[in-house]
file data-v6.cif (mmCIF, C-alpha atoms)
data_structure
loop_
_atom_site.label_atom_id
_atom_site.label_comp_id
_atom_site.auth_asym_id
_atom_site.auth_seq_id
_atom_site.Cartn_x
_atom_site.Cartn_y
_atom_site.Cartn_z
CA MET A 1 94.12 86.46 58.56
CA ALA A 2 95.44 89.06 56.14
CA ASP A 3 97.78 88.19 53.25
CA LEU A 4 101.09 89.69 54.46
CA THR A 5 103.15 89.35 51.30
CA ASN A 6 102.38 92.75 49.78
CA LEU A 7 102.05 94.73 52.99
CA SER A 8 104.33 97.55 54.08
CA GLU A 9 106.72 96.87 56.96
CA GLU A 10 104.53 98.82 59.44
CA ALA A 11 101.39 96.97 58.36
CA GLN A 12 103.18 93.60 58.69
CA SER A 13 104.30 94.58 62.14
CA LEU A 14 100.70 95.54 63.10
CA SER A 15 99.36 92.25 61.73
CA ARG A 16 101.31 90.40 64.44
CA VAL A 17 99.46 92.31 67.18
CA PRO A 18 96.58 90.13 68.53
CA LEU A 19 94.32 93.21 68.77
CA PHE A 20 94.50 93.68 64.99
CA LYS A 21 94.36 90.02 64.02
CA ARG A 22 90.93 90.34 62.37
CA LEU A 23 91.91 93.20 60.03
CA ASP A 24 92.36 92.58 56.32
CA ALA A 25 95.35 93.84 54.32
CA GLN A 26 93.70 97.10 53.29
CA GLU A 27 92.62 97.91 56.83
CA LEU A 28 96.10 97.13 58.12
CA GLU A 29 97.66 99.49 55.59
CA HIS A 30 95.15 102.18 56.52
CA LEU A 31 95.87 101.67 60.24
CA ALA A 32 99.64 101.73 59.63
CA GLN A 33 99.26 105.28 58.28
CA GLU A 34 97.55 106.36 61.51
CA VAL A 35 100.05 104.70 63.84
CA ASP A 36 103.29 106.38 64.96
CA GLN A 37 106.39 104.36 65.75
CA VAL A 38 108.15 105.35 68.98
CA ASN A 39 111.24 104.05 70.76
CA TYR A 40 112.27 104.31 74.41
CA LYS A 41 115.43 103.29 76.25
CA ALA A 42 115.33 100.94 79.26
CA GLY A 43 114.23 102.90 82.34
CA ASP A 44 112.50 105.68 80.34
CA THR A 45 109.02 106.70 81.46
CA ILE A 46 106.42 106.49 78.71
CA PHE A 47 103.80 108.33 80.77
CA HIS A 48 103.09 109.16 84.39
CA GLU A 49 99.98 108.54 86.47
CA HIS A 50 97.58 111.55 86.17
CA ASP A 51 99.03 112.60 82.79
CA ARG A 52 96.44 113.35 80.15
CA GLY A 53 95.67 110.20 78.16
CA ASP A 54 96.15 111.04 74.49
CA ALA A 55 97.19 107.71 72.95
CA LEU A 56 97.14 103.93 73.15
CA TYR A 57 100.43 102.04 72.96
CA ILE A 58 101.12 98.58 71.58
CA VAL A 59 104.37 96.82 72.42
CA GLU A 60 106.26 95.72 69.31
CA GLU A 61 109.58 94.89 71.00
CA GLY A 62 110.81 94.84 74.59
CA ARG A 63 109.00 94.84 77.93
CA VAL A 64 106.99 97.52 79.74
CA ARG A 65 106.14 97.83 83.43
CA ILE A 66 102.78 99.31 84.49
CA TRP A 67 102.83 100.58 88.06
CA VAL A 68 101.16 102.87 90.60
CA MET A 69 102.27 104.52 93.83
CA ASP A 70 100.49 103.20 96.92
CA GLU A 71 99.64 105.18 100.09
CA ASP A 72 103.12 104.46 101.48
CA VAL A 73 104.68 106.01 98.34
CA HIS A 74 105.93 102.59 97.22
CA GLU A 75 105.82 101.52 93.62
CA VAL A 76 103.40 98.63 93.10
CA THR A 77 103.77 96.80 89.80
CA LEU A 78 100.39 96.03 88.24
CA ALA A 79 101.63 94.26 85.13
CA GLU A 80 104.64 93.57 82.98
CA LEU A 81 103.78 93.68 79.30
CA ASN A 82 105.39 91.77 76.46
CA PRO A 83 105.31 92.17 72.65
CA GLY A 84 101.72 92.13 71.37
CA ASP A 85 100.28 93.60 74.59
CA PHE A 86 98.72 97.05 74.62
CA PHE A 87 98.38 99.66 77.37
CA GLY A 88 97.04 103.14 78.04
CA GLU A 89 93.56 102.16 76.86
CA LEU A 90 91.60 103.37 79.94
CA ALA A 91 92.54 107.04 79.65
CA VAL A 92 91.97 106.87 75.90
CA LEU A 93 88.49 105.40 76.32
CA ASP A 94 87.23 107.79 79.00
CA ARG A 95 89.47 110.70 77.92
CA GLY A 96 90.55 111.09 81.52
CA GLU A 97 93.89 110.99 83.32
CA ARG A 98 96.30 108.07 83.18
CA SER A 99 95.40 105.63 85.97
CA SER A 100 98.97 104.29 86.23
CA SER A 101 102.51 104.97 85.09
CA ALA A 102 104.37 103.07 82.36
CA THR A 103 108.14 102.53 82.28
CA ALA A 104 110.32 100.68 79.79
CA ILE A 105 112.00 97.65 81.39
CA THR A 106 114.20 97.05 78.33
CA ASP A 107 114.80 99.10 75.19
CA ILE A 108 111.39 99.13 73.53
CA HIS A 109 109.70 99.82 70.24
CA LEU A 110 106.03 100.85 70.46
CA HIS A 111 103.15 101.58 68.09
CA ARG A 112 101.35 104.73 69.21
CA LEU A 113 97.70 105.23 68.21
CA SER A 114 96.06 108.56 69.09
CA SER A 115 92.79 108.69 71.09
CA ASP A 116 90.68 109.75 68.13
CA ASP A 117 92.15 107.11 65.81
CA PHE A 118 91.74 104.39 68.44
CA GLN A 119 88.10 105.29 69.10
CA LYS A 120 87.41 105.40 65.38
CA PHE A 121 89.09 101.99 65.04
CA LEU A 122 86.87 100.52 67.80
CA ILE A 123 83.72 101.93 66.21
CA ASP A 124 84.69 100.45 62.83
CA HIS A 125 85.68 97.06 64.35
CA PRO A 126 83.23 95.97 67.09
CA ASP A 127 84.96 92.56 67.38
CA ALA A 128 88.20 94.36 68.37
CA SER A 129 86.19 96.27 71.01
CA VAL A 130 85.25 92.91 72.55
CA ASP A 131 88.96 91.95 72.63
CA VAL A 132 89.78 95.23 74.36
CA ILE A 133 87.01 94.65 76.94
CA CYS A 134 88.28 91.10 77.58
CA GLU A 135 91.81 92.40 78.09
CA ILE A 136 90.59 95.11 80.51
CA ALA A 137 88.61 92.47 82.47
CA ALA A 138 91.68 90.20 82.66
CA ARG A 139 93.75 93.12 83.99
CA MET A 140 91.09 93.95 86.59
CA ARG A 141 91.25 90.34 87.81
CA GLN A 142 95.03 90.56 87.96
CA THR A 143 94.85 93.82 89.94
CA ASN A 144 92.30 92.32 92.36
CA LEU A 145 94.62 89.37 92.89
CA LEU A 146 97.50 91.73 93.58
CA VAL A 147 95.46 93.79 96.06
CA THR A 148 94.55 90.63 98.01
CA GLN A 149 98.23 89.71 98.18
CA ARG A 150 99.53 92.98 99.61
CA ALA A 151 101.71 92.58 102.73
CA SER A 152 99.72 94.83 105.01
CA LYS A 153 96.52 92.80 105.13
CA ASN A 154 93.65 93.84 107.35
CA ILE A 155 93.22 90.79 109.56
CA ASN A 156 89.82 91.93 110.88
CA VAL A 157 88.41 92.30 107.38
CA GLU A 158 89.88 88.94 106.30
CA MET A 159 88.41 87.16 109.32
CA GLU A 160 85.02 88.79 108.77
CA GLN A 161 85.00 87.65 105.14
CA LYS A 162 85.85 84.07 106.13
CA ALA A 163 83.42 83.86 109.09
CA THR A 164 80.57 81.35 108.83
CA LEU A 165 77.01 82.16 109.91
CA GLY A 166 77.51 80.16 113.14
CA GLN A 167 80.65 82.12 113.97
CA ARG A 168 78.94 85.43 113.32
CA VAL A 169 76.04 84.41 115.61
CA ALA A 170 78.52 83.29 118.28
CA ASP A 171 80.25 86.69 118.11
CA LYS A 172 76.91 88.52 118.44
CA VAL A 173 75.79 86.34 121.37
CA ALA A 174 79.16 86.76 123.11
CA ALA A 175 79.08 90.52 122.54
CA PHE A 176 75.53 90.79 123.91
CA GLY A 177 76.15 88.33 126.80
CA GLY A 178 79.17 90.33 127.91
CA SER A 179 77.41 93.71 128.03
CA TRP A 180 75.76 95.78 130.79
CA THR A 181 72.59 95.76 128.69
CA PHE A 182 72.38 91.98 129.08
CA ILE A 183 73.02 92.20 132.85
CA PHE A 184 70.31 94.86 133.32
CA ILE A 185 67.76 93.02 131.17
CA TYR A 186 68.45 89.69 132.82
CA SER A 187 68.45 91.12 136.36
CA SER A 188 65.13 92.86 135.65
CA PHE A 189 63.68 89.61 134.31
CA LEU A 190 64.78 87.70 137.46
CA ILE A 191 63.38 90.34 139.80
CA VAL A 192 60.06 90.52 137.94
CA TRP A 193 59.82 86.69 137.92
CA MET A 194 60.42 86.51 141.68
CA ILE A 195 58.09 89.38 142.55
CA VAL A 196 55.30 88.02 140.36
CA ASN A 197 55.65 84.52 141.84
CA THR A 198 56.09 85.62 145.42
CA PHE A 199 53.60 88.45 145.76
CA VAL A 200 51.33 88.95 142.74
CA LEU A 201 50.27 85.38 141.96
CA TYR A 202 50.09 84.48 145.67
CA TYR A 203 46.93 86.53 146.00
CA LEU A 204 45.38 85.21 142.79
CA GLY A 205 43.85 81.79 142.39
CA HIS A 206 42.92 79.38 145.12
CA GLY A 207 44.74 77.04 147.48
CA GLU A 208 47.84 77.42 149.70
CA ASN A 209 50.11 78.94 146.98
CA GLY A 210 47.44 80.85 145.05
CA ALA A 211 48.26 80.92 141.27
CA GLN A 212 52.07 80.68 141.73
CA PHE A 213 53.54 78.47 138.96
CA ASP A 214 57.13 78.67 140.34
CA PRO A 215 56.96 79.30 144.09
CA TYR A 216 60.00 79.95 146.28
CA PRO A 217 62.83 78.61 145.85
CA TYR A 218 62.00 79.14 142.12
CA ILE A 219 63.06 75.75 140.80
CA LEU A 220 61.81 76.44 137.24
CA LEU A 221 63.71 79.73 137.16
CA ASN A 222 66.87 77.93 138.36
CA LEU A 223 66.45 75.33 135.63
CA MET A 224 66.15 78.09 133.01
CA LEU A 225 69.21 79.87 134.39
CA SER A 226 71.24 76.63 134.29
CA MET A 227 70.18 75.97 130.68
CA THR A 228 71.03 79.52 129.64
CA ALA A 229 74.46 79.24 131.28
CA ALA A 230 75.07 75.83 129.71
CA MET A 231 74.24 77.15 126.23
CA GLN A 232 76.06 80.45 126.67
CA ALA A 233 79.38 78.92 127.79
CA PRO A 234 80.23 77.02 124.56
CA ILE A 235 78.98 79.92 122.41
CA ILE A 236 81.27 82.33 124.26
CA MET A 237 84.13 79.84 123.98
CA MET A 238 83.56 79.64 120.21
CA SER A 239 83.80 83.40 120.03
CA GLN A 240 86.93 83.39 122.22
CA ASN A 241 88.55 80.79 119.96
CA ARG A 242 87.88 83.06 117.02
CA ALA A 243 89.33 86.03 118.89
CA ALA A 244 92.43 83.95 119.72
CA GLU A 245 92.79 82.94 116.05
CA LYS A 246 92.45 86.60 115.04
CA ASP A 247 95.17 87.54 117.57
CA ARG A 248 97.43 84.78 116.26
CA LEU A 249 97.03 85.98 112.67
CA ALA A 250 97.62 89.59 113.71
CA ALA A 251 100.78 88.55 115.59
CA GLU A 252 101.99 86.65 112.50
CA GLN A 253 101.31 89.68 110.33
CA ASP A 254 103.20 91.92 112.76
CA PHE A 255 106.11 89.48 112.78
CA LYS A 256 106.38 89.52 108.98
CA VAL A 257 106.26 93.31 108.74
CA ASN A 258 108.64 93.80 111.71
CA LEU A 259 111.16 91.28 110.43
CA LYS A 260 111.15 92.84 106.99
CA SER A 261 111.59 96.33 108.46
CA GLU A 262 114.37 95.13 110.78
CA LEU A 263 116.32 93.47 107.97
CA MET A 264 115.82 96.49 105.70
CA LEU A 265 117.14 98.77 108.46
CA GLU A 266 120.14 96.48 108.96
CA GLU A 267 120.86 96.72 105.25
CA LEU A 268 120.50 100.52 105.30
CA VAL A 269 122.85 100.83 108.28
CA ARG A 270 125.38 98.58 106.50
CA LYS A 271 125.16 100.69 103.34
CA GLN A 272 125.49 103.88 105.41
CA ARG A 273 128.68 102.50 107.00
CA GLU A 274 130.05 101.68 103.56
CA ARG A 275 129.25 105.24 102.41
CA ASP A 276 130.95 106.66 105.51
CA ALA A 277 134.04 104.54 104.79
CA GLN A 278 134.02 105.72 101.16
CA ILE A 279 133.69 109.36 102.25
CA ASP A 280 136.60 108.92 104.70
CA HIS A 281 138.67 107.36 101.93
CA LEU A 282 137.83 110.21 99.54
CA ASN A 283 138.60 112.81 102.21
CA GLY A 284 141.98 111.14 102.77
CA ALA A 285 142.70 111.11 99.05
CA LEU A 286 141.63 114.77 98.77
CA ALA A 287 143.89 115.76 101.67
CA ALA A 288 146.83 113.89 100.08
CA LEU A 289 146.16 115.61 96.76
CA GLN A 290 145.98 118.99 98.45
CA THR A 291 149.33 118.34 100.19
CA THR A 292 150.91 117.31 96.86
CA LEU A 293 149.60 120.47 95.17
CA GLU A 294 150.87 122.65 98.00
CA ARG A 295 154.30 121.01 97.72
CA GLN A 296 154.34 121.57 93.95
CA ASP A 297 153.38 125.22 94.47
CA ALA A 298 156.15 125.58 97.07
CA THR A 299 158.69 123.95 94.68
CA ARG A 300 157.65 126.27 91.86
CA SER A 301 157.91 129.39 93.99
CA ASN A 302 161.39 128.35 95.20
CA MET B 1 90.95 82.77 95.38
CA THR B 2 91.58 81.15 92.00
CA ARG B 3 95.06 80.88 90.55
CA ASN B 4 95.84 80.11 86.96
CA PRO B 5 97.78 76.89 86.20
CA ALA B 6 100.76 78.79 84.77
CA THR B 7 101.17 80.76 88.02
CA THR B 8 100.88 77.55 90.04
CA GLU B 9 103.59 75.96 87.93
CA ARG B 10 105.89 78.97 88.31
CA LEU B 11 105.38 78.95 92.08
CA ARG B 12 106.04 75.19 92.18
CA ASN B 13 109.30 75.71 90.29
CA PHE B 14 110.26 78.53 92.63
CA ILE B 15 109.64 76.35 95.70
CA ALA B 16 111.72 73.58 94.07
CA ARG B 17 114.52 76.12 93.54
CA ILE B 18 114.37 77.14 97.22
CA ASP B 19 114.46 73.44 98.10
CA SER B 20 117.56 72.83 96.03
CA LEU B 21 119.34 75.99 97.31
CA THR B 22 118.56 74.91 100.88
CA LYS B 23 119.89 71.39 100.27
CA SER B 24 123.10 72.71 98.74
CA GLY B 25 123.55 75.12 101.66
CA GLU B 26 123.48 78.20 99.41
CA LEU B 27 120.36 79.45 101.17
CA HIS B 28 120.97 80.09 104.83
CA TRP B 29 117.89 79.84 107.06
CA GLU B 30 117.96 81.56 110.45
CA ARG B 31 116.13 80.14 113.42
CA GLN B 32 114.05 82.42 115.64
CA ALA B 33 114.42 81.70 119.38
CA GLY B 34 111.24 80.46 121.07
CA SER B 35 109.35 80.22 117.80
CA ALA B 36 109.00 77.93 114.81
CA HIS B 37 109.73 80.84 112.44
CA ARG B 38 112.60 80.43 110.00
CA TYR B 39 113.74 83.13 107.62
CA ALA B 40 116.24 83.59 104.83
CA ARG B 41 117.38 86.21 102.33
CA LEU B 42 117.36 85.21 98.68
CA ASN B 43 118.84 87.94 96.45
CA ASP B 44 116.74 90.94 97.41
CA ASN B 45 113.82 88.93 98.79
CA LEU B 46 112.84 87.86 102.27
CA LEU B 47 111.54 84.33 102.75
CA ILE B 48 109.70 83.42 105.96
CA LEU B 49 108.46 80.02 107.05
CA GLY B 50 105.88 80.16 109.83
CA PRO B 51 103.82 80.41 111.92
CA ALA B 52 105.28 80.61 115.43
CA THR B 53 103.29 77.54 116.49
CA PRO B 54 105.51 74.44 116.83
CA LEU B 55 105.48 71.89 114.03
CA SER B 56 104.10 69.31 116.43
CA ASP B 57 100.78 71.19 116.34
CA THR B 58 99.57 69.75 113.06
CA GLN B 59 96.20 71.55 113.25
CA VAL B 60 97.79 74.89 112.37
CA PRO B 61 98.71 75.25 108.66
CA ARG B 62 102.29 76.29 107.86
CA TYR B 63 103.07 79.04 105.35
CA LEU B 64 105.84 80.23 103.07
CA PHE B 65 105.86 84.01 102.78
CA ILE B 66 107.94 85.69 100.08
CA THR B 67 108.37 89.44 99.82
CA PRO B 68 110.88 91.60 97.96
CA PHE B 69 112.67 94.17 100.12
CA ALA B 70 112.17 96.78 97.44
CA SER B 71 108.40 96.47 97.30
CA PRO B 72 105.40 95.85 99.59
CA ASP B 73 104.15 93.04 97.32
CA CYS B 74 104.15 89.54 98.74
CA VAL B 75 103.17 85.97 98.02
CA GLU B 76 101.96 83.61 100.72
CA ILE B 77 101.53 79.88 100.10
CA ASN B 78 99.90 77.79 102.79
CA SER B 79 100.34 74.12 103.54
CA ASP B 80 96.57 73.68 103.13
CA ASP B 81 96.84 74.86 99.51
CA ALA B 82 95.44 72.05 97.35
CA GLU B 83 98.17 72.28 94.70
CA LEU B 84 101.26 73.60 96.46
CA GLY B 85 100.59 72.57 100.08
CA SER B 86 102.68 69.39 99.92
CA ALA B 87 105.65 71.27 98.39
CA VAL B 88 105.46 73.83 101.22
CA MET B 89 105.36 71.08 103.87
CA GLN B 90 108.32 69.35 102.21
CA LEU B 91 110.26 72.63 102.35
CA VAL B 92 109.26 73.17 106.00
CA MET B 93 110.60 69.73 106.95
CA LEU B 94 113.80 70.24 104.97
CA VAL B 95 114.48 73.65 106.54
CA GLU B 96 113.71 72.25 109.98
CA GLU B 97 116.26 69.49 109.40
CA GLN B 98 118.88 71.88 108.00
CA SER B 99 118.49 74.56 110.67
CA LYS B 100 118.18 72.38 113.77
CA HIS B 101 121.86 72.89 114.67
CA GLU B 102 121.80 76.61 113.90
CA PRO B 103 122.14 78.96 116.89
CA ALA B 104 118.76 80.62 117.45
CA THR B 105 118.42 84.35 116.83
CA ASP B 106 117.31 85.99 120.06
CA PRO B 107 116.89 89.79 119.91
CA PHE B 108 116.75 89.94 123.73
CA ALA B 109 119.91 87.93 124.34
CA VAL B 110 122.68 89.59 126.38
CA THR B 111 125.71 89.15 124.13
CA ASP B 112 129.38 90.02 124.73
CA GLN B 113 129.21 92.30 121.69
CA LEU B 114 126.35 94.28 123.23
CA ILE B 115 128.09 94.61 126.61
CA GLU B 116 131.33 95.73 124.93
CA ARG B 117 129.41 98.38 123.00
CA LEU B 118 127.71 99.62 126.19
CA GLU B 119 131.03 99.68 128.07
CA SER B 120 132.68 101.72 125.35
CA MET B 121 130.04 104.47 125.61
#

call {"tool": "encode", "arguments": {"input": "data-v6.cif", "output": "structure tokens"}}
result
Amino acid sequence: MADLTNLSEEAQSLSRVPLFKRLDAQELEHLAQEVDQVNYKAGDTIFHEHDRGDALYIVEEGRVRIWVMDEDVHEVTLAELNPGDFFGELAVLDRGERSSSATAITDIHLHRLSSDDFQKFLIDHPDASVDVICEIAARMRQTNLLVTQRASKNINVEMEQKATLGQRVADKVAAFGGSWTFIFIYSSFLIVWMIVNTFVLYYLGHGENGAQFDPYPYILLNLMLSMTAAMQAPIIMMSQNRAAEKDRLAAEQDFKVNLKSELMLEELVRKQRERDAQIDHLNGALAALQTTLERQDATRSN
Amino acid sequence: MTRNPATTERLRNFIARIDSLTKSGELHWERQAGSAHRYARLNDNLLILGPATPLSDTQVPRYLFITPFASPDCVEINSDDAELGSAVMQLVMLVEEQSKHEPATDPFAVTDQLIERLESM
């Protein structure tokens, strides 16, 4: 930890940032000369998604919201940053576009470090690079968590991810057992079995039934059919249970989204009615004002 | 999915707050007709207790779903959650008790208000 007593105000401020905790007094002073101090009011945008990334920001005071627009043009908050946190590092590292937007939640004071200075700082301080990597990894975890919690989940994907091997096999068996391919293959097998036993093997071998191993009425074949049916029924039921569970989850998901939309629409209609009432009131006031002005004009002209 | 202890604690506190608001009657839960769903508005958030399956079917886990109206984000806590499951079940029972005398919301009900509106067309 650096001795803070003789440091400039900027260097003291930087020494409180976790990213710079390993710097000595001289390095802090040197860094303070490279860093700009910037202020934003609550609600101000610091940068937009797709802007060119030219600097890293460190929060000294206040709170910052990092957000992106999703496919439905809704703002999705990725993180809310507090003093000591930094942001804008991705675009600075790969010199690409900003991957998200940043807005000030409260009035904020930031340290701004240009791309070149930040990269030079990382090269000079490999231990700080590790801190930056750890922070990026933590944010990736946070983003993954957020993505899995979005309202519009894909039930099919979720069910597939949760399915056990037995359930996957049951689905495959049910899908194959309920297809024309299965009916054709099984019918062909039955016909071949009967023809072979009735005609082909009858003329081979010796004795009354020739070489027939399952003569008419095909008792062995019947036994096999019964066993197949007995095994297939519970497997298909397992698959149907899964399909029913999937339907239940999909219905629940629809309910949540529909209810939210319905209540939001109710709120919008209520606000619209309030606006209409306000407009009527203003129109009335305007008409009264106009009448008063006309009367004043008439009085003056008389 | 792993959840850090701080988040778990914040969620536990939030559920406790919903519990206390429900007990004091400040949080009004609506009852869905023909379903075990209950829902309430808390500031600008929608809270849903589900699923539709009756509470008597103990095999199906219950959930508390929280979503802000202003954003598509959401949090869902299930009764089979190792840490928060019991708090969710406690809330489910409390809401069930509080809302049992509530008139059920039925979007397909023929109400006097609806008939009056149709007649005035």

call {"tool": "residues_around", "arguments": {"input": "data-v6.cif", "residues": "His28 (chain B)", "least_positions_apart": "2", "cutoff": "10 Å", "atoms": "all atoms listed in the file", "output": "list in words"}}
result
Leu21, Thr22, Lys23, Ser24, Gly25, Glu26, Glu30, Arg31, Arg38, Tyr39, Ala40, Arg41, Leu42, Val95, Gln98, Ser99 and Glu102 of chain B

call {"tool": "write_last_selection", "arguments": {"input": "data-v6.cif", "atoms": "C-alpha atoms", "output": "PDB file, in the frame of the given file"}}
result
ATOM      1  CA  LEU B  21     119.340  75.990  97.310  1.00  0.00           C
ATOM      2  CA  THR B  22     118.560  74.910 100.880  1.00  0.00           C
ATOM      3  CA  LYS B  23     119.890  71.390 100.270  1.00  0.00           C
ATOM      4  CA  SER B  24     123.100  72.710  98.740  1.00  0.00           C
ATOM      5  CA  GLY B  25     123.550  75.120 101.660  1.00  0.00           C
ATOM      6  CA  GLU B  26     123.480  78.200  99.410  1.00  0.00           C
ATOM      7  CA  GLU B  30     117.960  81.560 110.450  1.00  0.00           C
ATOM      8  CA  ARG B  31     116.130  80.140 113.420  1.00  0.00           C
ATOM      9  CA  ARG B  38     112.600  80.430 110.000  1.00  0.00           C
ATOM     10  CA  TYR B  39     113.740  83.130 107.620  1.00  0.00           C
ATOM     11  CA  ALA B  40     116.240  83.590 104.830  1.00  0.00           C
ATOM     12  CA  ARG B  41     117.380  86.210 102.330  1.00  0.00           C
ATOM     13  CA  LEU B  42     117.360  85.210  98.680  1.00  0.00           C
ATOM     14  CA  VAL B  95     114.480  73.650 106.540  1.00  0.00           C
ATOM     15  CA  GLN B  98     118.880  71.880 108.000  1.00  0.00           C
ATOM     16  CA  SER B  99     118.490  74.560 110.670  1.00  0.00           C
ATOM     17  CA  GLU B 102     121.800  76.610 113.900  1.00  0.00           C
TER      18      GLU B 102
END

call {"tool": "atom_distance", "arguments": {"input": "data-v6.cif", "atom1": "CA of Arg10 (chain B)", "atom2": "CA of Thr103 (chain A)"}}
result
24.4 Å

call {"tool": "residues_around", "arguments": {"input": "data-v6.cif", "residues": "Tyr40 (chain A)", "least_positions_apart": "3", "cutoff": "9 Å", "atoms": "only C-alpha atoms", "output": "CSV table (one decimal) with C-alpha atoms, in the coordinates of the input"}}
result
chain,number,residue,atom,x,y,z
A,43,GLY,CA,114.2,102.9,82.3
A,44,ASP,CA,112.5,105.7,80.3
A,45,THR,CA,109.0,106.7,81.5
A,46,ILE,CA,106.4,106.5,78.7
A,104,ALA,CA,110.3,100.7,79.8
A,106,THR,CA,114.2,97.0,78.3
A,107,ASP,CA,114.8,99.1,75.2
A,108,ILE,CA,111.4,99.1,73.5
A,109,HIS,CA,109.7,99.8,70.2
A,110,LEU,CA,106.0,100.8,70.5

call {"tool": "closest_residue", "arguments": {"input": "data-v6.cif", "among": "B:Leu47, B:Ile66, B:Cys74, B:Leu27", "to": "chain A", "atoms": "all atoms listed in the file"}}
result
B:Cys74

call {"tool": "closest_residue", "arguments": {"input": "data-v6.cif", "among": "A:Ala277, A:Ala250, A:Val59, A:Ala175", "to": "Arg16 (chain A)", "atoms": "all atoms listed in the file"}}
result
A:Val59

call {"tool": "closest_residue", "arguments": {"input": "data-v6.cif", "among": "A:Asp276, A:Glu262, A:Glu135, A:Glu29", "to": "chain B", "atoms": "only C-alpha atoms"}}
result
A:Glu262

call {"tool": "atom_distance", "arguments": {"input": "data-v6.cif", "atom1": "CA of Leu93 (chain A)", "atom2": "CA of Ala137 (chain A)"}}
result
14.3 Å

call {"tool": "interface_residues", "arguments": {"input": "data-v6.cif", "of": "chain B", "to": "chain A", "cutoff": "8 Å", "atoms": "all atoms listed in the file", "output": "list of chain:residue names"}}
result
B:Met1, B:Leu46, B:Ile48, B:Pro51, B:Ala52, B:Thr67, B:Phe69, B:Ser71, B:Pro72, B:Asp73, B:Cys74, B:Val75, B:Glu76

call {"tool": "residues_near_point", "arguments": {"input": "data-v6.cif", "point": "(99.2, 73.7, 107.2)", "cutoff": "9 Å", "atoms": "only C-alpha atoms", "output": "list in words"}}
result
Thr58, Gln59, Val60, Pro61, Arg62, Tyr63, Asn78, Ser79, Asp80, Asp81, Gly85, Val88 and Met89 of chain B

call {"tool": "atom_distance", "arguments": {"input": "data-v6.cif", "atom1": "CA of Phe47 (chain A)", "atom2": "CA of Ser100 (chain A)"}}
result
8.3 Å
